[in-house]
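The structure file target-v6.cif is reproduced below (mmCIF, C-alpha atoms).
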data_input
loop_
_atom_site.label_atom_id
_atom_site.label_comp_id
_atom_site.auth_asym_id
_atom_site.auth_seq_id
_atom_site.Cartn_x
_atom_site.Cartn_y
_atom_site.Cartn_z
CA ILE F 1 32.24 8.26 9.14
CA GLU F 2 33.29 7.71 12.77
CA THR F 3 33.23 3.94 12.25
CA ASN F 4 35.20 4.25 9.00
CA VAL F 5 32.47 2.51 7.01
CA ILE F 6 32.72 5.49 4.68
CA GLY F 7 35.25 8.28 4.55
CA SER F 8 32.81 10.98 3.48
CA LEU F 9 29.06 11.43 3.18
CA ASN F 10 29.59 12.03 -0.51
CA GLU F 11 30.49 8.35 -0.86
CA LEU F 12 26.85 7.45 -0.21
CA ASP F 13 24.79 6.20 -3.14
CA GLY F 14 21.72 8.00 -1.84
CA VAL F 15 19.87 9.36 1.18
CA GLY F 16 16.23 8.54 1.91
CA HIS F 17 14.15 10.92 4.00
CA ARG F 18 10.88 10.15 5.73
CA VAL F 19 8.37 12.95 5.14
CA VAL F 20 5.10 12.63 7.03
CA GLN F 21 2.75 14.63 4.80
CA GLY F 22 2.84 14.48 1.01
CA GLY F 23 -0.71 15.72 0.52
CA SER F 24 -2.23 15.12 -2.90
CA LEU F 25 1.04 16.16 -4.55
CA PHE F 26 3.15 13.08 -3.85
CA SER F 27 1.86 9.56 -4.44
CA LYS F 28 5.29 7.91 -4.66
CA PRO F 29 8.87 8.44 -3.44
CA THR F 30 10.38 11.44 -5.18
CA ARG F 31 13.88 12.73 -5.93
CA VAL F 32 14.44 15.92 -3.95
CA ASP F 33 14.99 19.19 -5.81
CA ASP F 34 14.08 22.82 -5.19
CA LYS F 35 10.51 22.31 -6.42
CA VAL F 36 10.00 19.32 -4.12
CA ILE F 37 11.38 21.27 -1.14
CA ALA F 38 9.02 24.15 -1.91
CA ALA F 39 6.09 21.73 -2.19
CA ILE F 40 6.89 20.10 1.17
CA GLU F 41 7.10 23.56 2.72
CA GLY F 42 3.69 24.35 1.23
CA LEU F 43 2.26 21.30 2.99
CA ILE F 44 3.40 22.44 6.45
CA PRO F 45 -0.13 23.66 7.41
CA LEU F 46 -1.31 20.03 7.03
CA ALA F 47 1.53 18.69 9.24
CA PRO F 48 2.88 21.57 11.34
CA LEU F 49 4.53 19.28 13.89
CA HIS F 50 6.28 16.98 11.42
CA ASN F 51 7.05 18.47 8.01
CA PRO F 52 9.28 21.29 9.35
CA GLY F 53 11.54 18.76 11.09
CA ASN F 54 11.55 16.50 8.03
CA LEU F 55 12.56 19.49 5.89
CA ALA F 56 15.31 20.48 8.28
CA GLY F 57 16.85 17.02 7.92
CA ILE F 58 16.69 17.21 4.13
CA LYS F 59 18.36 20.63 4.05
CA VAL F 60 21.18 19.59 6.38
CA SER F 61 21.76 16.45 4.34
CA LEU F 62 21.89 18.48 1.12
CA GLU F 63 24.46 20.81 2.67
CA GLN F 64 26.66 17.96 3.91
CA SER F 65 26.36 15.70 0.86
CA PRO F 66 25.41 17.96 -2.08
CA ASN F 67 26.43 15.41 -4.74
CA VAL F 68 24.40 12.54 -3.29
CA PRO F 69 20.86 11.88 -4.61
CA GLN F 70 18.25 12.66 -1.96
CA VAL F 71 14.83 10.98 -2.03
CA ALA F 72 11.71 11.92 -0.07
CA VAL F 73 9.58 8.95 1.00
CA PHE F 74 6.12 10.06 2.09
CA ASP F 75 4.11 8.53 4.94
CA THR F 76 0.93 9.31 3.05
CA ALA F 77 1.96 7.86 -0.33
CA PHE F 78 0.74 4.28 0.23
CA HIS F 79 -2.75 5.65 0.86
CA ALA F 80 -2.82 7.68 -2.37
CA THR F 81 -4.86 4.82 -3.87
CA LEU F 82 -7.86 5.53 -1.63
CA PRO F 83 -10.96 6.05 -3.78
CA GLU F 84 -12.73 9.39 -3.65
CA HIS F 85 -15.68 8.01 -1.70
CA ALA F 86 -13.25 6.87 1.03
CA TYR F 87 -10.99 9.92 1.28
CA LEU F 88 -13.62 12.68 1.16
CA TYR F 89 -15.44 13.97 4.24
CA ALA F 90 -19.12 14.91 4.11
CA LEU F 91 -18.27 18.59 4.36
CA PRO F 92 -18.89 21.27 1.72
CA TYR F 93 -16.95 20.09 -1.34
CA LYS F 94 -15.31 23.49 -1.70
CA LEU F 95 -13.28 22.79 1.47
CA TYR F 96 -11.61 19.95 -0.40
CA GLU F 97 -10.99 22.19 -3.40
CA THR F 98 -9.75 25.25 -1.53
CA ALA F 99 -8.27 23.91 1.73
CA ASN F 100 -7.28 20.30 0.84
CA VAL F 101 -9.56 18.88 3.51
CA ARG F 102 -9.62 15.11 2.93
CA ARG F 103 -8.36 11.84 4.40
CA TYR F 104 -4.65 11.28 3.78
CA GLY F 105 -3.71 8.49 6.18
CA PHE F 106 -0.29 7.88 7.71
CA HIS F 107 2.13 5.07 8.64
CA GLY F 108 2.05 4.24 4.93
CA THR F 109 5.67 3.08 4.81
CA SER F 110 4.98 0.52 7.53
CA HIS F 111 1.67 -0.67 6.06
CA HIS F 112 3.33 -1.03 2.64
CA PHE F 113 6.25 -3.02 4.05
CA ILE F 114 4.16 -5.56 5.96
CA VAL F 115 1.80 -6.11 3.02
CA LYS F 116 4.74 -7.07 0.81
CA GLU F 117 6.18 -9.28 3.55
CA ALA F 118 2.82 -11.01 4.04
CA ALA F 119 2.49 -11.69 0.31
CA LYS F 120 5.91 -13.35 0.27
CA TYR F 121 5.18 -15.32 3.43
CA LEU F 122 1.82 -16.57 2.11
CA ASN F 123 3.30 -17.24 -1.35
CA LYS F 124 0.70 -15.01 -2.94
CA PRO F 125 1.17 -12.22 -5.52
CA VAL F 126 0.96 -8.91 -3.69
CA ASN F 127 -1.53 -7.60 -6.27
CA GLU F 128 -3.91 -10.41 -5.27
CA LEU F 129 -3.62 -9.97 -1.49
CA ASN F 130 -6.51 -8.63 0.60
CA ALA F 131 -5.38 -7.67 4.09
CA ILE F 132 -6.30 -5.68 7.16
CA THR F 133 -3.11 -4.13 8.51
CA LEU F 134 -2.63 -2.81 12.03
CA HIS F 135 0.31 -0.58 12.95
CA LEU F 136 -0.06 -0.31 16.72
CA GLY F 137 2.30 1.87 18.72
CA ASN F 138 1.93 5.12 20.64
CA GLY F 139 0.41 6.25 17.37
CA ALA F 140 -1.88 3.63 15.86
CA SER F 141 -3.59 3.12 12.53
CA MET F 142 -5.23 0.43 10.43
CA ALA F 143 -5.67 0.03 6.70
CA ALA F 144 -7.89 -1.99 4.39
CA VAL F 145 -5.70 -3.31 1.59
CA LYS F 146 -7.32 -4.73 -1.54
CA ASN F 147 -5.18 -6.38 -4.20
CA GLY F 148 -2.11 -4.90 -2.53
CA GLN F 149 -3.42 -1.32 -2.51
CA SER F 150 -4.77 0.75 0.36
CA ILE F 151 -8.47 1.50 -0.12
CA ASP F 152 -9.23 2.84 3.37
CA THR F 153 -7.36 3.80 6.51
CA THR F 154 -8.24 4.99 10.00
CA MET F 155 -6.16 8.17 10.22
CA GLY F 156 -7.53 11.15 8.35
CA LEU F 157 -6.54 14.71 7.53
CA THR F 158 -4.20 14.37 10.53
CA PRO F 159 -3.00 11.41 12.62
CA LEU F 160 -5.71 12.21 15.22
CA GLU F 161 -8.59 10.27 13.67
CA GLY F 162 -9.32 6.58 14.06
CA LEU F 163 -8.02 4.26 16.79
CA ILE F 164 -7.46 5.15 20.41
CA MET F 165 -3.74 5.91 20.80
CA GLY F 166 -1.24 6.70 23.52
CA THR F 167 -2.29 10.32 23.96
CA ARG F 168 -4.66 10.87 20.99
CA SER F 169 -8.41 10.43 21.29
CA GLY F 170 -9.09 8.85 17.92
CA ASP F 171 -12.71 9.00 16.75
CA ILE F 172 -15.03 11.19 18.80
CA ASP F 173 -18.23 13.15 18.29
CA PRO F 174 -16.91 16.47 16.87
CA ALA F 175 -19.66 18.34 18.70
CA ILE F 176 -17.85 17.61 21.96
CA MET F 177 -15.45 20.38 20.93
CA PHE F 178 -18.25 22.94 20.60
CA TYR F 179 -19.67 21.82 23.94
CA LEU F 180 -16.35 22.20 25.76
CA ALA F 181 -15.69 25.58 24.18
CA ARG F 182 -19.09 26.88 25.21
CA THR F 183 -19.39 25.36 28.67
CA GLN F 184 -15.76 25.01 29.86
CA GLY F 185 -14.13 27.92 28.07
CA TYR F 186 -11.69 25.81 26.04
CA SER F 187 -9.78 27.69 23.34
CA ILE F 188 -8.72 26.18 20.00
CA ASP F 189 -5.23 25.61 21.40
CA ASP F 190 -6.71 24.02 24.53
CA LEU F 191 -8.75 21.63 22.40
CA ASP F 192 -5.75 20.78 20.23
CA LYS F 193 -3.71 19.92 23.34
CA LEU F 194 -6.61 17.99 24.86
CA LEU F 195 -7.15 15.73 21.85
CA ASN F 196 -3.51 15.19 20.85
CA LYS F 197 -1.61 15.22 24.15
CA GLU F 198 -4.01 14.48 27.00
CA SER F 199 -6.45 11.92 25.66
CA GLY F 200 -6.27 8.31 24.46
CA LEU F 201 -4.88 5.76 26.92
CA LYS F 202 -3.32 8.54 28.99
CA GLY F 203 -6.65 10.30 29.30
CA ILE F 204 -8.39 7.18 30.56
CA CYS F 205 -5.83 5.77 33.01
CA GLY F 206 -3.08 8.39 33.31
CA ASN F 207 -0.44 6.40 31.41
CA ASN F 208 0.31 5.99 27.71
CA ASP F 209 2.89 3.19 27.96
CA MET F 210 1.05 -0.04 27.12
CA ARG F 211 3.58 -2.12 29.08
CA GLU F 212 2.88 -0.13 32.23
CA ILE F 213 -0.86 -0.17 31.61
CA GLY F 214 -0.74 -3.96 31.37
CA LYS F 215 1.02 -4.17 34.73
CA MET F 216 -1.48 -1.74 36.26
CA ALA F 217 -4.38 -3.85 34.98
CA GLU F 218 -2.83 -7.04 36.40
CA GLU F 219 -2.58 -5.29 39.78
CA GLY F 220 -6.28 -4.49 39.67
CA ASP F 221 -6.33 -0.90 38.41
CA ALA F 222 -9.89 -0.50 37.09
CA LYS F 223 -9.10 2.41 34.77
CA ALA F 224 -6.14 0.56 33.26
CA LYS F 225 -8.45 -2.40 32.54
CA LEU F 226 -10.96 -0.01 31.01
CA ALA F 227 -8.29 1.60 28.81
CA LEU F 228 -7.25 -1.83 27.49
CA GLU F 229 -10.85 -2.79 26.80
CA MET F 230 -11.49 0.47 24.94
CA PHE F 231 -8.29 0.13 22.90
CA SER F 232 -9.08 -3.40 21.70
CA TYR F 233 -12.78 -2.68 21.22
CA ARG F 234 -12.04 0.14 18.78
CA ILE F 235 -9.68 -2.15 16.84
CA LYS F 236 -12.33 -4.88 16.70
CA LYS F 237 -14.90 -2.44 15.30
CA TYR F 238 -12.54 -1.49 12.49
CA ILE F 239 -11.71 -5.13 11.75
CA GLY F 240 -15.42 -5.69 11.25
CA SER F 241 -15.93 -2.65 9.05
CA TYR F 242 -12.84 -3.34 6.92
CA SER F 243 -13.92 -6.97 6.50
CA ALA F 244 -17.18 -5.65 5.06
CA VAL F 245 -15.34 -3.22 2.77
CA LEU F 246 -12.92 -5.87 1.46
CA GLY F 247 -15.39 -8.72 1.10
CA ARG F 248 -12.61 -11.31 1.16
CA VAL F 249 -9.87 -11.08 3.80
CA ASP F 250 -6.77 -13.21 3.32
CA CYS F 251 -4.97 -12.04 6.43
CA ILE F 252 -4.90 -9.64 9.35
CA ILE F 253 -1.43 -8.29 10.15
CA PHE F 254 -0.24 -6.88 13.47
CA THR F 255 2.91 -4.74 13.62
CA GLY F 256 4.44 -1.86 15.59
CA GLY F 257 5.62 -1.81 19.18
CA ILE F 258 2.27 -2.92 20.60
CA GLY F 259 1.20 -5.04 17.64
CA GLU F 260 4.42 -7.07 17.69
CA ASN F 261 4.83 -7.43 21.44
CA ASP F 262 1.47 -7.32 23.22
CA SER F 263 -0.17 -10.73 22.96
CA GLN F 264 -3.12 -9.67 25.11
CA VAL F 265 -4.04 -6.78 22.82
CA ARG F 266 -3.88 -9.12 19.82
CA ALA F 267 -6.03 -11.74 21.51
CA ASN F 268 -8.61 -9.23 22.75
CA SER F 269 -8.81 -7.49 19.38
CA CYS F 270 -9.52 -10.76 17.56
CA SER F 271 -11.72 -12.50 20.15
CA HIS F 272 -15.26 -13.57 19.24
CA LEU F 273 -14.73 -12.99 15.51
CA LEU F 274 -15.55 -16.52 14.38
CA ASN F 275 -18.29 -15.07 12.19
CA LEU F 276 -15.47 -13.57 10.10
CA GLY F 277 -13.43 -16.77 10.12
CA ILE F 278 -10.91 -15.42 12.62
CA GLU F 279 -9.62 -17.74 15.34
CA ILE F 280 -6.46 -17.19 17.40
CA ASP F 281 -4.14 -19.96 18.60
CA LEU F 282 -3.57 -18.59 22.08
CA ALA F 283 -0.55 -20.78 22.78
CA VAL F 284 1.29 -19.49 19.71
CA ASN F 285 0.07 -15.95 20.27
CA ASN F 286 1.51 -15.91 23.78
CA GLN F 287 5.01 -16.67 22.49
CA ARG F 288 7.39 -13.84 21.62
CA CYS F 289 7.10 -13.09 17.89
CA SER F 290 10.53 -11.93 16.78
CA ALA F 291 9.95 -13.11 13.20
CA ILE F 292 6.89 -13.46 10.98
CA THR F 293 4.48 -15.66 12.91
CA THR F 294 1.02 -17.06 12.19
CA ILE F 295 -1.01 -16.76 15.39
CA SER F 296 -4.31 -18.03 13.98
CA THR F 297 -5.37 -21.67 14.13
CA GLU F 298 -4.86 -23.99 11.17
CA LYS F 299 -8.61 -24.12 10.51
CA SER F 300 -8.94 -20.32 10.49
CA PRO F 301 -9.56 -19.26 6.85
CA VAL F 302 -8.34 -15.77 7.69
CA LYS F 303 -4.67 -15.89 8.64
CA VAL F 304 -3.64 -13.64 11.52
CA LEU F 305 0.03 -12.69 11.28
CA VAL F 306 2.55 -10.82 13.39
CA ILE F 307 5.12 -9.19 11.13
CA PRO F 308 7.94 -7.02 12.54
CA THR F 309 7.94 -3.79 10.60
CA ASN F 310 11.07 -2.17 9.18
CA GLU F 311 10.29 1.34 7.98
CA GLU F 312 13.99 2.20 7.63
CA LEU F 313 14.52 -0.73 5.26
CA GLU F 314 11.41 0.22 3.27
CA ILE F 315 12.65 3.81 2.93
CA ALA F 316 16.04 2.49 1.80
CA LEU F 317 14.45 0.15 -0.76
CA GLN F 318 12.24 2.90 -2.17
CA THR F 319 15.19 5.30 -2.30
CA LYS F 320 17.27 2.73 -4.17
CA GLU F 321 14.44 2.14 -6.65
CA VAL F 322 14.05 5.87 -7.40
CA ILE F 323 17.81 6.35 -7.90
CA GLU F 324 18.15 3.32 -10.16
CA LYS F 325 15.24 4.45 -12.35
CA GLN F 326 16.88 7.85 -12.84
#
Whole structure given in structure tokens:
Amino acid sequence: IETNVIGSLNELDGVGHRVVQGGSLFSKPTRVDDKVIAAIEGLIPLAPLHNPGNLAGIKVSLEQSPNVPQVAVFDTAFHATLPEHAYLYALPYKLYETANVRRYGFHGTSHHFIVKEAAKYLNKPVNELNAITLHLGNGASMAAVKNGQSIDTTMGLTPLEGLIMGTRSGDIDPAIMFYLARTQGYSIDDLDKLLNKESGLKGICGNNDMREIGKMAEEGDAKAKLALEMFSYRIKKYIGSYSAVLGRVDCIIFTGGIGENDSQVRANSCSHLLNLGIEIDLAVNNQRCSAITTISTEKSPVKVLVIPTNEELEIALQTKEVIEKQ
């Protein structure tokens, strides 16, 4: 309005809202109404830090532009195609039935966007593309994508599981929590803070900014070097496991702030993977990748791509699709 692009919010064709947790209720972008708002509110226990803020934005937008279609685009929706054997935990089944304890996965909007971009770039139908996607930022996740659909992902019930992240631990032995509670007097809140705010890269070297960690490592900081090694090692383990799950891998895709900009992380994560047909062209990898770039060698049967993500564009495209259908 201030730039005079529009005179009123009611001139908008639609508004798309990112909602982190859609649970098992939402497997696709959905037009917002009272029932949808109530359902998102009901999912707050699964995403107490995110869904309330997402809801607040929806409600303000509805107040300011009541005649404009509003669409909720869910971070979890792309992973709704996970098979039961991948999304269930080996806990009593009743916890899934009564408390919705299962793997949901996150960063779905980003994973979905780069899969479609890769299919276009490789001139391959998206429903025939097998890919391992890596969204690497302060929060980080990977997905195994078979025939264009997510069949596994590293994040779980919450964004805590999986890769080492800026301040999140990723995968750990859950019994560590019992041990700390019994021997160090940690409360549930203490453990929550420890795993989500004080662990990951920050826990190892005291910093969660990968750019700063890289500089620290270059200057000889041993813990910074260790943090980088741990970060890439965890990624490499998941590349191996997802290669086994997929059987055939057409491409590996890096995106996100770290994935798009940190050539060393990409190189370290893909090093010594010739047994999987993965070979990096270090000269190309070391260049700045501001557009879709192939960083694997010509003889590498598995293409390794850097694709800048655009979650805002993906939300807009999904919002447009929902409005046009209705």
Problem set entry | Residue neighbourhood range 146-158 of chain F, 6 Å, all atoms listed in the file, exclusion window fewer than 2 positions, as a PyMOL selection string | chain F and resi 79+81-82+102-105+126-130+141-144+160-162
Problem set entry | Expansion of the PyMOL selection byres ((chain F and resi 201) around 10) into residues, as JSON, numbers by chain | {"F": [138, 164, 165, 166, 167, 168, 169, 198, 199, 200, 202, 203, 204, 205, 206, 207, 208, 209, 210, 213, 223, 224, 226, 227, 228, 230, 231]}
Exercise. For the file shown, what are the residues hit by the PyMOL selection byres ((chain F and resi 110) around 8), laid out as JSON, numbers by chain?
Worked result: {"F": [107, 108, 109, 111, 112, 113, 114, 135, 309, 310, 311, 314]}
Problem set entry | Residues selected by the PyMOL selection byres ((chain F and resi 259) around 9), written as an MDAnalysis selection string | chainID F and resid 134:137 253:258 260:263 265:266 306:308
Problem set entry | Shortest interatomic distance to Leu317 in chain F - which of F:Ala99, F:Val73, F:Ile292, F:Leu49, counting all atoms listed in the file |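 Smallest separation from Leu317 in chain F among the options: F:Val73.
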Determine, for each residue of range 66-177 of chain F having at least one atom at most 10 Å from an atom of range 301-305 of chain F, the closest pair of atoms and their separation in Å to one decimal, counting all atoms listed in the file; order by chain and ascending number, as CSV.
residue,atom,partner,partner_atom,distance
F:Ile114,CA,F:Leu305,CA,9.8
F:Ala118,CA,F:Leu305,CA,7.9
F:Tyr121,CA,F:Leu305,CA,9.7
F:Leu122,CA,F:Lys303,CA,9.2
F:Ala131,CA,F:Val302,CA,9.3
F:Ile132,CA,F:Val304,CA,9.5
F:Thr133,CA,F:Leu305,CA,9.5
For this session: Identify which of the residues F:Leu55, F:Thr76, F:Pro159, F:Tyr93 lies closest to Leu25 in chain F, counting only C-alpha atoms when measuring atom-to-atom distances.
Result: F:Thr76
Exercise. How far is it from CA of Ile176 in chain F to CA of Tyr233 in chain F, in Å with one decimal?
Worked result: 20.9 Å
For this session: Grab the CA of Arg18 in chain F to CA of Ala72 in chain F distance for me, in Å with one decimal place.
Result: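 These atoms are spaced 6.1 Å apart.
Shortest separation to His17 in chain F among F:Leu274, F:Ala316, F:Ala222, F:Val322 occurs at residue F:Ala316, atoms counted being only C-alpha atoms.
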Problem set entry | From F:Leu273, F:Glu219, F:Pro66, F:Thr98, residue lying nearest Glu11 in chain F [all atoms listed in the file] |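 Smallest distance to Glu11 in chain F is found for F:Pro66.
Shortest separation to Ser61 in chain F among F:Cys289, F:Val5, F:Leu12, F:Ile239 occurs at residue F:Leu12, atoms counted being all atoms listed in the file.
In terms of minimum interatomic distance to Leu43 in chain F, F:Phe26 ranks closest within F:Phe78, F:Tyr89, F:Phe106, F:Phe26, counting all atoms listed in the file.
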Exercise. Contacts of Ser271 in chain F at 9 Å or less, counting only C-alpha atoms, minus same-chain residues fewer than 5 places along, as a ChimeraX atom specification?
Worked result: /F:236,266,278-280
